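A short write-up of the structure that comes next.
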Amino acid sequence: MPIASLFRTLVGASLALSLVGCQGSTARLPAGGSVQPTVAGRAPVAWADAATARDAFTRQAPDGTVTATLQDASWLRFEGPPEEVEERYRAYFLEGYTTFDVILVTEEFGKPTDETFLLEDSAGRRAVSRPFRYDGQMGSGRGGFASHFELSFQHAITQDTRWVRLTRQSTGTSVEWRF
């Protein structure tokens, strides 16, 4: 396995385990909230470290089944040398897609690749996507199954976008970012 691929797998697994670990704690992540994404024409927010920046872009559904982190250059830049980060996060950097790191927790075993997610924004644009692959873990702390995957949508966040909402269509569970 190439080093870059191994590193990405380890980072993804680490993120998955840390977010799943939050599932059982009393501290809850918000289901919605304001954040300032990096877009053309807007000054980027400077964060002290990767954890603080990533946390600002992370939302969790009230029932704890969906935790999603909106990919943004403000926290991705902490992930390593620029050329490696751009290669690892191709959909975000090279295609300009709106992309999320997602943790899905279910009571029963299921295949996240069968799930459909809807992205909506303040301009009325809608796009659907499914994960292509996922990493799974049994015993997520809630007695169920946790899956970590990436979702990319043929959608770009622009300076005039006021909010985006990610919804798991099978349950209607959603999380939202306001800008």
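How things are named: the first chain in the structure tokens is A, the next is B, and so on; residues count from 1 in each chain; ligands count from 1 in the order shown.
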Subject >> Contacts of Glu115 (chain A) at 12 Å (only C-alpha atoms; same-chain gap of 3+ positions) as a ChimeraX atom specification >> reply: /A:104,106,110-112,118,128-134,147,149,151,167-172
Subject >> Long-range neighbours of Arg162 (chain A) as a PyMOL selection string, 8 Å cut-off, only C-alpha atoms, 3 positions minimum in chain >> reply: chain A and resi 121-122+178-179
Dump of N, CA and C atoms for the selected residues, as a compact mmCIF listing (two decimals), in the first residue's frame:
# COMPACT_ATOMS: atom_id res chain seq x y z
N ASP A 121 -28.90 23.98 -0.75
CA ASP A 121 -28.28 25.24 -0.34
C ASP A 121 -29.29 26.38 -0.42
N SER A 122 -28.85 27.54 0.06
CA SER A 122 -29.72 28.71 0.16
C SER A 122 -30.20 29.22 -1.19
N ARG A 178 -24.40 27.27 8.43
CA ARG A 178 -24.80 28.62 8.03
C ARG A 178 -23.53 29.45 7.86
N PHE A 179 -23.53 30.30 6.83
CA PHE A 179 -22.35 31.08 6.51
C PHE A 179 -22.59 32.56 6.73
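Distance annotation: of A:Leu29, A:Val66, A:Ala73, A:Val175, the residue with the minimal separation from Gly96 (chain A) is A:Ala73; atom set is only C-alpha atoms.
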**OP:** Give the strand (DSSP E or B) residues of region 40-112 of chain A, as assigned by DSSP on the backbone, as JSON, numbers by chain.
**Re:** {"A": [58, 59, 60, 66, 67, 68, 69, 70, 98, 99, 100, 101, 102, 103, 104, 105, 106]}
What does the file look like for those residues with C-alpha atoms, as a PDB file, in the first residue's frame?
ATOM      1  CA  THR A  58     -18.353  19.543  12.218  1.00  0.00           C
ATOM      2  CA  ARG A  59     -22.069  19.003  12.812  1.00  0.00           C
ATOM      3  CA  GLN A  60     -23.940  16.126  14.449  1.00  0.00           C
ATOM      4  CA  VAL A  66     -24.951  11.389  11.395  1.00  0.00           C
ATOM      5  CA  THR A  67     -21.790  13.366  12.119  1.00  0.00           C
ATOM      6  CA  ALA A  68     -20.377  15.316   9.185  1.00  0.00           C
ATOM      7  CA  THR A  69     -17.394  17.608   8.723  1.00  0.00           C
ATOM      8  CA  LEU A  70     -17.507  20.042   5.830  1.00  0.00           C
ATOM      9  CA  THR A  98     -18.681  20.365  -1.797  1.00  0.00           C
ATOM     10  CA  THR A  99     -17.302  17.427   0.169  1.00  0.00           C
ATOM     11  CA  PHE A 100     -17.937  16.005   3.636  1.00  0.00           C
ATOM     12  CA  ASP A 101     -16.259  13.476   5.931  1.00  0.00           C
ATOM     13  CA  VAL A 102     -19.172  11.512   7.395  1.00  0.00           C
ATOM     14  CA  ILE A 103     -19.641   9.118  10.300  1.00  0.00           C
ATOM     15  CA  LEU A 104     -22.894   7.162  10.094  1.00  0.00           C
ATOM     16  CA  VAL A 105     -24.002   5.208  13.178  1.00  0.00           C
ATOM     17  CA  THR A 106     -26.731   2.600  12.753  1.00  0.00           C
TER      18      THR A 106
END
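Going from CA of Trp177 (chain A) to CA of Gly80 (chain A) covers 25.4 Å.
If only C-alpha atoms are the atoms counted, then among A:Asp160, A:Asp49, A:Asp72, A:Asp63 the closest residue to Pro30 (chain A) is A:Asp63.
Nearest-residue note for Tyr89 (chain A): choosing from A:Thr158, A:Thr113, A:Arg77, A:Gln36, the minimum distance belongs to A:Arg77, counting only C-alpha atoms.
Minimum atom-to-atom distances from A:Gln159, A:Ser74, A:Ser152, A:Thr65 to Ala50 (chain A) were compared using only C-alpha atoms, and the lowest value belongs to A:Ser74.
If you look at CA of Ala53 (chain A) and CA of Trp75 (chain A), they are 5.1 Å away from each other.
Between Gly33 (chain A) and the residues A:Glu150, A:Thr173, A:Thr161, A:Phe57, the shortest atom-to-atom distance, using only C-alpha atoms, involves A:Phe57.
Each of A:Leu166, A:Leu94, A:Ala46, A:Ala146 was compared to Ala127 (chain A) using only C-alpha atoms, and A:Leu166 turns out to be the nearest.
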Original post:
Which distance in Å separates CA of Tyr97 (chain A) and CA of Ile157 (chain A), to one decimal?
Top reply: 8.1 Å
